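Step one of this worksheet: look at the structure below.
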Amino acid sequence: MYLKNLIELGIVEREFSVDARLKEKANRNRGLYSLTDNFFRFWYTFGFANISDLEDGDVDGVFEYSVAPALHEFAAEPFENVCKEFLKKLQKKNELPFRYTKIGRWTGRTTVRDEKQPGARAMAGTEIDILAINREADRYLVGECKFKSHPFRYSEYLDVKAKLSSLMDKAKLYYALFSESGFDEKILAEAADEELLLFSLEKIVNCEI
């Protein structure tokens with residue numbers, strides 16, 4: 001009952017993988033619950049966890065030792081949501097490689113890079129920050145969001161390309177990389193590839209519809 005009320009208030013959401021079927025969504029034991037309101041996320045991450053110090057008036061100490069060191073990492077999740085909304089805006093402007101009918105986070109087992117054997121693939125449970133799928137399920141846009149102080153690394157791009165690579169025989173895969181701090185030279189060298197879309201934080205912020 002409490003969760004239902006929080007969901008109705010828009011404070012909590014029940015999230016499923018973007019390709020989840022109706023039967024799975026009807027199962028009350030499936031799905032992940034998360035806070036959607038960033039004010040509540042901030043409070044329960046930093047405020048509630050340091051309530052004793054805050055009640056003692058040590059606001060500056062809480063910020064310096066608890067909030068400031070973790071604030072950048074805390075912003076990574078909202079950044080993913082911003083990137084998803086950005087893709088929605090591009091769809092409205094017909095600026096994506098195809099028109100999707102589903103968009104969201106993906107979780108499940110898929111191919112990943114085997115770090116012990118360069119070039120090899122293994123099956124493992126993983127997630128994709130943003131996955132957009134067209135109606136026929138023969139076009140996929142795989143999105144990865146990096147809210148970090150260093151450029152998006154080529155090795156990280158290879159990790160993204162490994163995911164869902166088993167679908168390449170029956171579907172066209174595109175990749176959308178989002179980065180707070182730009183991209184390394186090897187990624188930029190492949191920017192002319194029509195299958196690779198690069199979006200910097202500056203471009204996202206300055207997007208106008």
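FYI, nothing fancy with the structure tokens labels: chains A, B, ... in order, residues from 1 per chain, ligands from 1 as they appear.
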Write out as a PDB file with C-alpha atoms, in the first residue's frame all residues of region 76-202 of chain A that backbone DSSP assigns to strand (DSSP E).
```
ATOM      1  CA  LYS A 102      10.496   1.691 -27.025  1.00  0.00           C
ATOM      2  CA  ILE A 103      13.193   3.444 -25.006  1.00  0.00           C
ATOM      3  CA  GLY A 104      14.565   2.816 -21.545  1.00  0.00           C
ATOM      4  CA  ARG A 105      17.142   0.943 -19.502  1.00  0.00           C
ATOM      5  CA  TRP A 106      17.915  -2.659 -20.482  1.00  0.00           C
ATOM      6  CA  THR A 107      18.974  -5.428 -18.092  1.00  0.00           C
ATOM      7  CA  GLY A 108      19.691  -9.069 -18.797  1.00  0.00           C
ATOM      8  CA  ARG A 109      22.304 -11.530 -20.039  1.00  0.00           C
ATOM      9  CA  THR A 110      24.153 -10.677 -23.204  1.00  0.00           C
ATOM     10  CA  THR A 111      27.600 -10.745 -24.787  1.00  0.00           C
ATOM     11  CA  VAL A 112      30.349  -8.811 -23.006  1.00  0.00           C
ATOM     12  CA  ARG A 113      34.045  -8.421 -23.628  1.00  0.00           C
ATOM     13  CA  ARG A 121      33.179 -12.608 -25.988  1.00  0.00           C
ATOM     14  CA  ALA A 122      31.458 -14.122 -22.982  1.00  0.00           C
ATOM     15  CA  MET A 123      27.881 -14.219 -21.707  1.00  0.00           C
ATOM     16  CA  ALA A 124      27.123 -12.327 -18.516  1.00  0.00           C
ATOM     17  CA  GLY A 125      24.449 -10.330 -16.761  1.00  0.00           C
ATOM     18  CA  THR A 126      24.794  -6.642 -17.479  1.00  0.00           C
ATOM     19  CA  GLU A 127      22.807  -3.503 -18.248  1.00  0.00           C
ATOM     20  CA  ILE A 128      22.546  -0.877 -20.963  1.00  0.00           C
ATOM     21  CA  ASP A 129      21.954   2.704 -19.839  1.00  0.00           C
ATOM     22  CA  ILE A 130      19.584   3.466 -22.722  1.00  0.00           C
ATOM     23  CA  LEU A 131      18.217   1.115 -25.357  1.00  0.00           C
ATOM     24  CA  ALA A 132      15.885   2.313 -28.102  1.00  0.00           C
ATOM     25  CA  ILE A 133      14.127  -0.272 -30.304  1.00  0.00           C
ATOM     26  CA  ARG A 139      16.999  -1.492 -35.352  1.00  0.00           C
ATOM     27  CA  TYR A 140      18.621  -0.892 -31.970  1.00  0.00           C
ATOM     28  CA  LEU A 141      20.227   2.231 -30.552  1.00  0.00           C
ATOM     29  CA  VAL A 142      22.584   1.311 -27.700  1.00  0.00           C
ATOM     30  CA  GLY A 143      23.288   4.285 -25.448  1.00  0.00           C
ATOM     31  CA  GLU A 144      26.041   4.636 -22.850  1.00  0.00           C
ATOM     32  CA  CYS A 145      26.276   7.636 -20.504  1.00  0.00           C
ATOM     33  CA  LYS A 146      29.553   8.640 -18.819  1.00  0.00           C
ATOM     34  CA  LYS A 172      21.145  -3.097 -37.302  1.00  0.00           C
ATOM     35  CA  LEU A 173      22.921  -1.701 -34.239  1.00  0.00           C
ATOM     36  CA  TYR A 174      23.672   1.981 -33.689  1.00  0.00           C
ATOM     37  CA  TYR A 175      25.564   3.450 -30.760  1.00  0.00           C
ATOM     38  CA  ALA A 176      24.990   6.710 -28.887  1.00  0.00           C
ATOM     39  CA  LEU A 177      27.751   7.801 -26.529  1.00  0.00           C
ATOM     40  CA  PHE A 178      27.093  10.581 -24.020  1.00  0.00           C
ATOM     41  CA  SER A 179      29.964  12.167 -22.139  1.00  0.00           C
ATOM     42  CA  LEU A 196      28.137   6.060 -34.076  1.00  0.00           C
ATOM     43  CA  LEU A 197      26.531   9.124 -32.490  1.00  0.00           C
ATOM     44  CA  LEU A 198      28.549  11.299 -30.096  1.00  0.00           C
ATOM     45  CA  PHE A 199      26.935  13.769 -27.703  1.00  0.00           C
ATOM     46  CA  SER A 200      28.893  16.003 -25.347  1.00  0.00           C
TER      47      SER A 200
END
```
Could the residues of region 69-130 of chain A that have an atom at most 12 Å from region 43-62 of chain A be listed as JSON lines, each with its closest atom pair and the distance in Å to one decimal, counting only C-alpha atoms and ordered by chain and ascending residue number?
```
{"residue": "A:Pro69", "atom": "CA", "partner": "A:Val62", "partner_atom": "CA", "distance": 10.5}
{"residue": "A:Ala70", "atom": "CA", "partner": "A:Phe46", "partner_atom": "CA", "distance": 9.2}
{"residue": "A:Leu71", "atom": "CA", "partner": "A:Phe46", "partner_atom": "CA", "distance": 9.3}
{"residue": "A:Glu73", "atom": "CA", "partner": "A:Thr45", "partner_atom": "CA", "distance": 11.5}
{"residue": "A:Phe74", "atom": "CA", "partner": "A:Thr45", "partner_atom": "CA", "distance": 8.6}
{"residue": "A:Ala75", "atom": "CA", "partner": "A:Thr45", "partner_atom": "CA", "distance": 11.8}
```
Q.
From a backbone DSSP assignment, name each residue in region 6-166 of chain A labelled alpha helix (DSSP H), as JSON, numbers by chain.
A. {"A": [6, 7, 8, 22, 23, 24, 25, 26, 38, 39, 40, 41, 42, 51, 52, 53, 54, 55, 59, 60, 61, 62, 68, 69, 70, 71, 72, 73, 74, 76, 77, 78, 79, 80, 81, 82, 83, 84, 85, 86, 87, 88, 89, 90, 91, 92, 154, 155, 156, 157, 158, 159, 160, 161, 162]}
Q.
Can you measure CA of Leu9 (chain A) to CA of Phe40 (chain A) for me? One decimal in Å is fine.
A. 12.4 Å
Q.
Can you measure CA of Ile204 (chain A) to CA of Lys84 (chain A) for me? One decimal in Å is fine.
A. 10.5 Å
Q: Compile the contact shell of Thr36 (chain A) as a VMD selection string: residues with an atom at most 12 Å away, counting only C-alpha atoms, same-chain residues fewer than 6 positions apart removed.
A: chain A and resid 6 to 15 42 77 to 78 81
Q.
Using only C-alpha atoms for the distances, tell me which of A:Glu180, A:Phe152, A:Lys170, A:Leu90 is nearest to Leu201 (chain A).
A.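 Distance minimum relative to Leu201 (chain A) lands on A:Glu180.
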(Q) My list of candidates is A:Phe183, A:Tyr154, A:Phe98, A:Phe86. Which is closest to Val205 (chain A) when distances are computed with only C-alpha atoms? (A)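 Comparing A:Phe183, A:Tyr154, A:Phe98, A:Phe86 against Val205 (chain A), the winner is A:Phe86.
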Q: Extract, using only C-alpha atoms, all DNA, RNA and protein residues at most 8 Å from Arg135 (chain A), discarding same-chain residues fewer than 3 positions from it, and format them as a PyMOL selection string.
A: chain A and resi 100-102+138
How about saving the chosen residues, C-alpha atoms kept, as a PDB file, in the first residue's frame?
```
ATOM      1  CA  TYR A 100      11.974   3.961 -32.062  1.00  0.00           C
ATOM      2  CA  THR A 101       8.829   2.757 -30.291  1.00  0.00           C
ATOM      3  CA  LYS A 102      10.496   1.691 -27.025  1.00  0.00           C
ATOM      4  CA  ASP A 138      15.443  -4.833 -36.340  1.00  0.00           C
TER       5      ASP A 138
END
```
(Q) What's the separation between CA of Arg153 (chain A) and CA of Leu188 (chain A), in Å to one decimal place? (A)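 Those two atoms sit 10.3 Å apart.
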